[in-house]
file my_file-v1.pdb (PDB, N, CA and C atoms, pLDDT in the B column)
ATOM      1  N   VAL A   1       0.851  -1.181   0.000  1.00 60.00           N
ATOM      2  CA  VAL A   1       0.000   0.000   0.000  1.00 60.00           C
ATOM      3  C   VAL A   1       0.893   1.239   0.000  1.00 60.00           C
ATOM      4  N   ASN A   2       0.536   2.230  -0.808  1.00 69.00           N
ATOM      5  CA  ASN A   2       1.276   3.485  -0.896  1.00 69.00           C
ATOM      6  C   ASN A   2       1.410   4.110   0.495  1.00 69.00           C
ATOM      7  N   LYS A   3       2.642   4.482   0.886  1.00 78.00           N
ATOM      8  CA  LYS A   3       2.873   5.032   2.223  1.00 78.00           C
ATOM      9  C   LYS A   3       2.190   6.376   2.439  1.00 78.00           C
ATOM     10  N   ASP A   4       1.801   7.092   1.375  1.00 87.00           N
ATOM     11  CA  ASP A   4       1.124   8.374   1.500  1.00 87.00           C
ATOM     12  C   ASP A   4      -0.395   8.227   1.534  1.00 87.00           C
ATOM     13  N   LEU A   5      -0.887   7.034   1.394  1.00 91.00           N
ATOM     14  CA  LEU A   5      -2.317   6.766   1.371  1.00 91.00           C
ATOM     15  C   LEU A   5      -2.850   6.622   2.796  1.00 91.00           C
ATOM     16  N   GLU A   6      -3.953   7.283   3.080  1.00 93.00           N
ATOM     17  CA  GLU A   6      -4.619   7.101   4.365  1.00 93.00           C
ATOM     18  C   GLU A   6      -5.693   6.046   4.188  1.00 93.00           C
ATOM     19  N   TYR A   7      -5.685   5.064   5.071  1.00 93.00           N
ATOM     20  CA  TYR A   7      -6.660   3.979   4.975  1.00 93.00           C
ATOM     21  C   TYR A   7      -6.916   3.417   6.365  1.00 93.00           C
ATOM     22  N   GLU A   8      -7.959   2.634   6.469  1.00 94.00           N
ATOM     23  CA  GLU A   8      -8.219   1.932   7.708  1.00 94.00           C
ATOM     24  C   GLU A   8      -8.679   0.514   7.383  1.00 94.00           C
ATOM     25  N   ILE A   9      -8.483  -0.385   8.320  1.00 93.00           N
ATOM     26  CA  ILE A   9      -8.952  -1.754   8.196  1.00 93.00           C
ATOM     27  C   ILE A   9     -10.210  -1.852   9.050  1.00 93.00           C
ATOM     28  N   VAL A  10     -11.298  -2.327   8.445  1.00 94.00           N
ATOM     29  CA  VAL A  10     -12.580  -2.426   9.129  1.00 94.00           C
ATOM     30  C   VAL A  10     -13.058  -3.870   9.071  1.00 94.00           C
ATOM     31  N   PRO A  11     -13.371  -4.518  10.171  1.00 93.00           N
ATOM     32  CA  PRO A  11     -13.201  -4.021  11.535  1.00 93.00           C
ATOM     33  C   PRO A  11     -11.727  -3.973  11.912  1.00 93.00           C
ATOM     34  N   ALA A  12     -11.410  -3.197  12.939  1.00 89.00           N
ATOM     35  CA  ALA A  12     -10.022  -3.033  13.359  1.00 89.00           C
ATOM     36  C   ALA A  12      -9.495  -4.255  14.103  1.00 89.00           C
ATOM     37  N   ALA A  13     -10.392  -5.132  14.537  1.00 89.00           N
ATOM     38  CA  ALA A  13      -9.994  -6.344  15.250  1.00 89.00           C
ATOM     39  C   ALA A  13     -10.864  -7.500  14.765  1.00 89.00           C
ATOM     40  N   VAL A  14     -10.328  -8.688  14.849  1.00 89.00           N
ATOM     41  CA  VAL A  14     -11.082  -9.897  14.506  1.00 89.00           C
ATOM     42  C   VAL A  14     -10.983 -10.876  15.666  1.00 89.00           C
ATOM     43  N   GLU A  15     -11.928 -11.799  15.729  1.00 92.00           N
ATOM     44  CA  GLU A  15     -11.901 -12.826  16.757  1.00 92.00           C
ATOM     45  C   GLU A  15     -11.542 -14.157  16.121  1.00 92.00           C
ATOM     46  N   VAL A  16     -10.679 -14.891  16.800  1.00 93.00           N
ATOM     47  CA  VAL A  16     -10.271 -16.203  16.329  1.00 93.00           C
ATOM     48  C   VAL A  16     -10.452 -17.211  17.458  1.00 93.00           C
ATOM     49  N   ALA A  17     -10.524 -18.472  17.079  1.00 95.00           N
ATOM     50  CA  ALA A  17     -10.652 -19.550  18.054  1.00 95.00           C
ATOM     51  C   ALA A  17      -9.655 -20.643  17.710  1.00 95.00           C
ATOM     52  N   GLY A  18      -9.190 -21.323  18.737  1.00 95.00           N
ATOM     53  CA  GLY A  18      -8.261 -22.428  18.554  1.00 95.00           C
ATOM     54  C   GLY A  18      -7.744 -22.894  19.895  1.00 95.00           C
ATOM     55  N   LYS A  19      -6.797 -23.825  19.852  1.00 94.00           N
ATOM     56  CA  LYS A  19      -6.204 -24.329  21.089  1.00 94.00           C
ATOM     57  C   LYS A  19      -5.504 -23.193  21.825  1.00 94.00           C
ATOM     58  N   LYS A  20      -5.594 -23.224  23.148  1.00 94.00           N
ATOM     59  CA  LYS A  20      -5.063 -22.154  23.986  1.00 94.00           C
ATOM     60  C   LYS A  20      -3.594 -21.856  23.685  1.00 94.00           C
ATOM     61  N   ASP A  21      -2.756 -22.881  23.560  1.00 93.00           N
ATOM     62  CA  ASP A  21      -1.330 -22.639  23.339  1.00 93.00           C
ATOM     63  C   ASP A  21      -1.056 -22.006  21.975  1.00 93.00           C
ATOM     64  N   VAL A  22      -1.857 -22.371  20.976  1.00 91.00           N
ATOM     65  CA  VAL A  22      -1.700 -21.784  19.641  1.00 91.00           C
ATOM     66  C   VAL A  22      -2.133 -20.320  19.660  1.00 91.00           C
ATOM     67  N   ILE A  23      -3.259 -20.042  20.302  1.00 93.00           N
ATOM     68  CA  ILE A  23      -3.767 -18.666  20.383  1.00 93.00           C
ATOM     69  C   ILE A  23      -2.801 -17.789  21.170  1.00 93.00           C
ATOM     70  N   GLU A  24      -2.269 -18.288  22.269  1.00 92.00           N
ATOM     71  CA  GLU A  24      -1.333 -17.502  23.077  1.00 92.00           C
ATOM     72  C   GLU A  24      -0.044 -17.192  22.315  1.00 92.00           C
ATOM     73  N   ALA A  25       0.344 -18.074  21.403  1.00 91.00           N
ATOM     74  CA  ALA A  25       1.562 -17.856  20.619  1.00 91.00           C
ATOM     75  C   ALA A  25       1.326 -16.960  19.404  1.00 91.00           C
ATOM     76  N   LEU A  26       0.071 -16.697  19.074  1.00 90.00           N
ATOM     77  CA  LEU A  26      -0.283 -15.888  17.904  1.00 90.00           C
ATOM     78  C   LEU A  26      -0.032 -14.418  18.213  1.00 90.00           C
ATOM     79  N   ASP A  27       0.928 -13.807  17.511  1.00 90.00           N
ATOM     80  CA  ASP A  27       1.237 -12.398  17.780  1.00 90.00           C
ATOM     81  C   ASP A  27       0.916 -11.480  16.608  1.00 90.00           C
ATOM     82  N   GLU A  28       0.489 -12.070  15.487  1.00 87.00           N
ATOM     83  CA  GLU A  28       0.077 -11.253  14.349  1.00 87.00           C
ATOM     84  C   GLU A  28      -0.846 -12.070  13.456  1.00 87.00           C
ATOM     85  N   ILE A  29      -1.630 -11.365  12.696  1.00 87.00           N
ATOM     86  CA  ILE A  29      -2.485 -11.987  11.685  1.00 87.00           C
ATOM     87  C   ILE A  29      -2.041 -11.419  10.343  1.00 87.00           C
ATOM     88  N   VAL A  30      -1.781 -12.298   9.396  1.00 88.00           N
ATOM     89  CA  VAL A  30      -1.226 -11.905   8.107  1.00 88.00           C
ATOM     90  C   VAL A  30      -2.332 -11.786   7.062  1.00 88.00           C
ATOM     91  N   ILE A  31      -2.296 -10.688   6.316  1.00 89.00           N
ATOM     92  CA  ILE A  31      -3.177 -10.513   5.161  1.00 89.00           C
ATOM     93  C   ILE A  31      -2.435 -11.095   3.981  1.00 89.00           C
ATOM     94  N   GLU A  32      -3.063 -12.049   3.282  1.00 88.00           N
ATOM     95  CA  GLU A  32      -2.331 -12.713   2.209  1.00 88.00           C
ATOM     96  C   GLU A  32      -2.671 -12.174   0.830  1.00 88.00           C
ATOM     97  N   ASN A  33      -1.648 -12.160  -0.027  1.00 85.00           N
ATOM     98  CA  ASN A  33      -1.782 -11.803  -1.442  1.00 85.00           C
ATOM     99  C   ASN A  33      -2.587 -10.529  -1.656  1.00 85.00           C
ATOM    100  N   PHE A  34      -2.159  -9.433  -1.042  1.00 87.00           N
ATOM    101  CA  PHE A  34      -2.928  -8.194  -1.134  1.00 87.00           C
ATOM    102  C   PHE A  34      -2.319  -7.228  -2.142  1.00 87.00           C
ATOM    103  N   TYR A  35      -3.132  -6.807  -3.092  1.00 88.00           N
ATOM    104  CA  TYR A  35      -2.779  -5.770  -4.062  1.00 88.00           C
ATOM    105  C   TYR A  35      -3.953  -4.814  -4.127  1.00 88.00           C
ATOM    106  N   LEU A  36      -3.740  -3.559  -3.792  1.00 89.00           N
ATOM    107  CA  LEU A  36      -4.813  -2.574  -3.795  1.00 89.00           C
ATOM    108  C   LEU A  36      -5.242  -2.281  -5.226  1.00 89.00           C
ATOM    109  N   ASN A  37      -6.528  -2.442  -5.511  1.00 92.00           N
ATOM    110  CA  ASN A  37      -7.041  -2.257  -6.866  1.00 92.00           C
ATOM    111  C   ASN A  37      -7.385  -0.805  -7.200  1.00 92.00           C
ATOM    112  N   SER A  38      -7.528   0.053  -6.195  1.00 92.00           N
ATOM    113  CA  SER A  38      -7.856   1.449  -6.440  1.00 92.00           C
ATOM    114  C   SER A  38      -7.421   2.291  -5.246  1.00 92.00           C
ATOM    115  N   ALA A  39      -6.976   3.516  -5.512  1.00 91.00           N
ATOM    116  CA  ALA A  39      -6.619   4.443  -4.445  1.00 91.00           C
ATOM    117  C   ALA A  39      -7.662   5.550  -4.330  1.00 91.00           C
ATOM    118  N   GLU A  40      -8.827   5.348  -4.944  1.00 93.00           N
ATOM    119  CA  GLU A  40      -9.895   6.349  -4.910  1.00 93.00           C
ATOM    120  C   GLU A  40     -10.515   6.415  -3.518  1.00 93.00           C
ATOM    121  N   LYS A  41     -10.726   7.626  -3.019  1.00 94.00           N
ATOM    122  CA  LYS A  41     -11.314   7.828  -1.695  1.00 94.00           C
ATOM    123  C   LYS A  41     -12.654   7.096  -1.610  1.00 94.00           C
ATOM    124  N   GLY A  42     -12.838   6.356  -0.528  1.00 95.00           N
ATOM    125  CA  GLY A  42     -14.078   5.613  -0.317  1.00 95.00           C
ATOM    126  C   GLY A  42     -14.045   4.190  -0.848  1.00 95.00           C
ATOM    127  N   TYR A  43     -13.014   3.853  -1.617  1.00 96.00           N
ATOM    128  CA  TYR A  43     -12.905   2.502  -2.175  1.00 96.00           C
ATOM    129  C   TYR A  43     -12.733   1.484  -1.052  1.00 96.00           C
ATOM    130  N   LYS A  44     -13.416   0.339  -1.166  1.00 95.00           N
ATOM    131  CA  LYS A  44     -13.325  -0.737  -0.178  1.00 95.00           C
ATOM    132  C   LYS A  44     -12.893  -2.008  -0.883  1.00 95.00           C
ATOM    133  N   GLN A  45     -11.990  -2.730  -0.246  1.00 95.00           N
ATOM    134  CA  GLN A  45     -11.526  -3.991  -0.814  1.00 95.00           C
ATOM    135  C   GLN A  45     -11.458  -5.043   0.290  1.00 95.00           C
ATOM    136  N   ASN A  46     -12.053  -6.210   0.042  1.00 94.00           N
ATOM    137  CA  ASN A  46     -12.018  -7.302   1.006  1.00 94.00           C
ATOM    138  C   ASN A  46     -10.603  -7.817   1.182  1.00 94.00           C
ATOM    139  N   LEU A  47     -10.307  -8.279   2.380  1.00 93.00           N
ATOM    140  CA  LEU A  47      -8.995  -8.817   2.704  1.00 93.00           C
ATOM    141  C   LEU A  47      -9.095 -10.307   2.990  1.00 93.00           C
ATOM    142  N   SER A  48      -8.095 -11.046   2.589  1.00 92.00           N
ATOM    143  CA  SER A  48      -8.016 -12.471   2.867  1.00 92.00           C
ATOM    144  C   SER A  48      -6.986 -12.668   3.971  1.00 92.00           C
ATOM    145  N   ILE A  49      -7.396 -13.323   5.049  1.00 91.00           N
ATOM    146  CA  ILE A  49      -6.532 -13.501   6.205  1.00 91.00           C
ATOM    147  C   ILE A  49      -5.945 -14.910   6.209  1.00 91.00           C
ATOM    148  N   LYS A  50      -4.646 -14.992   6.453  1.00 91.00           N
ATOM    149  CA  LYS A  50      -3.968 -16.290   6.572  1.00 91.00           C
ATOM    150  C   LYS A  50      -3.797 -16.576   8.056  1.00 91.00           C
ATOM    151  N   LEU A  51      -4.383 -17.669   8.497  1.00 90.00           N
ATOM    152  CA  LEU A  51      -4.282 -18.071   9.902  1.00 90.00           C
ATOM    153  C   LEU A  51      -3.516 -19.379  10.018  1.00 90.00           C
ATOM    154  N   PRO A  52      -2.884 -19.615  11.151  1.00 88.00           N
ATOM    155  CA  PRO A  52      -2.195 -20.890  11.362  1.00 88.00           C
ATOM    156  C   PRO A  52      -3.195 -22.054  11.312  1.00 88.00           C
ATOM    157  N   ASP A  53      -2.673 -23.245  11.066  1.00 88.00           N
ATOM    158  CA  ASP A  53      -3.520 -24.437  11.106  1.00 88.00           C
ATOM    159  C   ASP A  53      -4.215 -24.512  12.460  1.00 88.00           C
ATOM    160  N   ASN A  54      -5.426 -24.995  12.459  1.00 89.00           N
ATOM    161  CA  ASN A  54      -6.233 -25.187  13.673  1.00 89.00           C
ATOM    162  C   ASN A  54      -6.659 -23.891  14.346  1.00 89.00           C
ATOM    163  N   VAL A  55      -6.577 -22.778  13.637  1.00 93.00           N
ATOM    164  CA  VAL A  55      -7.108 -21.509  14.135  1.00 93.00           C
ATOM    165  C   VAL A  55      -8.212 -21.090  13.181  1.00 93.00           C
ATOM    166  N   THR A  56      -9.354 -20.724  13.744  1.00 92.00           N
ATOM    167  CA  THR A  56     -10.536 -20.395  12.956  1.00 92.00           C
ATOM    168  C   THR A  56     -10.944 -18.942  13.172  1.00 92.00           C
ATOM    169  N   LEU A  57     -11.268 -18.257  12.090  1.00 91.00           N
ATOM    170  CA  LEU A  57     -11.794 -16.896  12.175  1.00 91.00           C
ATOM    171  C   LEU A  57     -13.260 -16.986  12.582  1.00 91.00           C
ATOM    172  N   ILE A  58     -13.635 -16.342  13.688  1.00 92.00           N
ATOM    173  CA  ILE A  58     -15.033 -16.392  14.115  1.00 92.00           C
ATOM    174  C   ILE A  58     -15.746 -15.049  13.979  1.00 92.00           C
ATOM    175  N   THR A  59     -15.024 -14.028  13.545  1.00 86.00           N
ATOM    176  CA  THR A  59     -15.649 -12.745  13.246  1.00 86.00           C
ATOM    177  C   THR A  59     -16.564 -12.955  12.040  1.00 86.00           C
ATOM    178  N   ASP A  60     -17.791 -12.475  12.112  1.00 88.00           N
ATOM    179  CA  ASP A  60     -18.738 -12.720  11.027  1.00 88.00           C
ATOM    180  C   ASP A  60     -18.720 -11.659   9.933  1.00 88.00           C
ATOM    181  N   VAL A  61     -17.757 -10.744   9.979  1.00 88.00           N
ATOM    182  CA  VAL A  61     -17.624  -9.694   8.968  1.00 88.00           C
ATOM    183  C   VAL A  61     -16.282  -9.871   8.263  1.00 88.00           C
ATOM    184  N   THR A  62     -16.298  -9.863   6.932  1.00 89.00           N
ATOM    185  CA  THR A  62     -15.056  -9.954   6.172  1.00 89.00           C
ATOM    186  C   THR A  62     -14.288  -8.644   6.333  1.00 89.00           C
ATOM    187  N   PRO A  63     -13.042  -8.697   6.818  1.00 92.00           N
ATOM    188  CA  PRO A  63     -12.266  -7.463   6.961  1.00 92.00           C
ATOM    189  C   PRO A  63     -12.053  -6.787   5.610  1.00 92.00           C
ATOM    190  N   GLN A  64     -12.097  -5.455   5.625  1.00 94.00           N
ATOM    191  CA  GLN A  64     -11.901  -4.665   4.414  1.00 94.00           C
ATOM    192  C   GLN A  64     -10.887  -3.560   4.676  1.00 94.00           C
ATOM    193  N   LEU A  65     -10.158  -3.191   3.623  1.00 93.00           N
ATOM    194  CA  LEU A  65      -9.347  -1.990   3.643  1.00 93.00           C
ATOM    195  C   LEU A  65     -10.213  -0.901   3.019  1.00 93.00           C
ATOM    196  N   VAL A  66     -10.334   0.232   3.708  1.00 95.00           N
ATOM    197  CA  VAL A  66     -11.134   1.353   3.220  1.00 95.00           C
ATOM    198  C   VAL A  66     -10.203   2.538   2.985  1.00 95.00           C
ATOM    199  N   VAL A  67     -10.172   3.033   1.752  1.00 95.00           N
ATOM    200  CA  VAL A  67      -9.309   4.171   1.389  1.00 95.00           C
ATOM    201  C   VAL A  67      -9.957   5.454   1.886  1.00 95.00           C
ATOM    202  N   LYS A  68      -9.194   6.242   2.654  1.00 94.00           N
ATOM    203  CA  LYS A  68      -9.683   7.509   3.198  1.00 94.00           C
ATOM    204  C   LYS A  68      -9.178   8.705   2.405  1.00 94.00           C
ATOM    205  N   GLY A  69      -8.097   8.535   1.632  1.00 92.00           N
ATOM    206  CA  GLY A  69      -7.521   9.616   0.836  1.00 92.00           C
ATOM    207  C   GLY A  69      -6.019   9.602   0.958  1.00 92.00           C
ATOM    208  N   PHE A  70      -5.399  10.717   0.625  1.00 90.00           N
ATOM    209  CA  PHE A  70      -3.951  10.835   0.723  1.00 90.00           C
ATOM    210  C   PHE A  70      -3.602  11.789   1.868  1.00 90.00           C
ATOM    211  N   LYS A  71      -2.451  11.568   2.482  1.00 85.00           N
ATOM    212  CA  LYS A  71      -2.000  12.429   3.555  1.00 85.00           C
ATOM    213  C   LYS A  71      -1.807  13.839   3.006  1.00 85.00           C
ATOM    214  N   GLU A  72      -2.098  14.829   3.840  1.00 76.00           N
ATOM    215  CA  GLU A  72      -1.981  16.241   3.408  1.00 76.00           C
ATOM    216  C   GLU A  72      -0.568  16.537   2.955  1.00 76.00           C
ATOM    217  N   GLY A  73      -0.468  17.353   1.914  1.00 65.00           N
ATOM    218  CA  GLY A  73       0.818  17.740   1.357  1.00 65.00           C
ATOM    219  C   GLY A  73       1.258  16.821   0.233  1.00 65.00           C
ATOM    220  N   ASN A  74       0.443  15.809  -0.093  1.00 51.00           N
ATOM    221  CA  ASN A  74       0.784  14.862  -1.168  1.00 51.00           C
ATOM    222  C   ASN A  74      -0.300  14.837  -2.220  1.00 51.00           C
TER     223      ASN A  74
END

call {"tool": "encode", "arguments": {"input": "my_file-v1.pdb", "output": "structure tokens"}}
result
Amino acid sequence: VNKDLEYEIVPAAVEVAGKKDVIEALDEIVIENFYLNSAEKGYKQNLSIKLPDNVTLITDVTPQLVVKGFKEGN
């Protein structure tokens, strides 16, 4: 993603389920194969999340990147 682009990930958090030791060791969630298709303000693009084996996404909303615009001065 362009470093001058303002964007947000919605929702900002997701819920996952799995074995306690796997969840406790999980320190990041990776977005896989992401290429932004548009930098137009208001554009929304679904994100695909890569989770470790035996970890399940239980959030019922598909995370999206939402373009807010470009940082001032750019």

call {"tool": "closest_residue", "arguments": {"input": "my_file-v1.pdb", "among": "A:Asp53, A:Glu15, A:Asp27, A:Glu8", "to": "Leu65 in chain A", "atoms": "only N, CA and C atoms"}}
result
A:Glu8

call {"tool": "residues_around", "arguments": {"input": "my_file-v1.pdb", "residues": "range 29-42 of chain A", "least_positions_apart": "2", "cutoff": "5 Å", "atoms": "only N, CA and C atoms", "output": "list of chain:residue names"}}
result
A:Asp27, A:Lys44, A:Ser48, A:Ile49, A:Lys50, A:Val67, A:Lys68, A:Gly69

call {"tool": "axis_aligned_box", "arguments": {"input": "my_file-v1.pdb", "around": "range 7-11 of chain A", "padding_each_side": "8 Å", "output": "AutoDock Vina command-line options"}}
result
--center_x -9.5 --center_y 0.3 --center_z 8.4 --size_x 23.7 --size_y 25.6 --size_z 22.9

call {"tool": "residues_around", "arguments": {"input": "my_file-v1.pdb", "residues": "Asn54 in chain A", "least_positions_apart": "3", "cutoff": "9 Å", "atoms": "only C-alpha atoms", "output": "JSON, numbers by chain"}}
result
{"A": [17, 18, 19, 22, 51]}

call {"tool": "select_by_dssp", "arguments": {"input": "my_file-v1.pdb", "residues": "chain A", "states": "strand (DSSP E)", "output": "list in words"}}
result
Leu5, Glu6, Tyr7, Glu8, Ile9, Val10, Val16, Ala17, Gly18, Val30, Ile31, Lys44, Gln45, Asn46, Ile49, Lys50, Val55, Thr56, Leu57, Gln64, Leu65, Val66, Val67, Lys68, Gly69 and Phe70 of chain A

call {"tool": "atom_distance", "arguments": {"input": "my_file-v1.pdb", "atom1": "atom N of Phe70 in chain A", "atom2": "atom N of Ile9 in chain A"}}
result
13.9 Å

call {"tool": "select_by_dssp", "arguments": {"input": "my_file-v1.pdb", "residues": "chain A", "states": "alpha helix (DSSP H)", "output": "VMD selection string"}}
result
chain A and resid 20 to 25

call {"tool": "atom_distance", "arguments": {"input": "my_file-v1.pdb", "atom1": "atom C of Ile23 in chain A", "atom2": "CA of Pro11 in chain A"}}
result
19.8 Å

call {"tool": "resolve_selection", "arguments": {"input": "my_file-v1.pdb", "expression": "the PyMOL selection byres (((chain A and resi 13 and name CA) around 12) and name CA)", "output": "list in words"}}
result
Glu8, Ile9, Val10, Pro11, Ala12, Val14, Glu15, Val16, Glu28, Ile29, Leu57, Ile58, Thr59, Asp60, Val61, Thr62, Pro63 and Gln64 of chain A
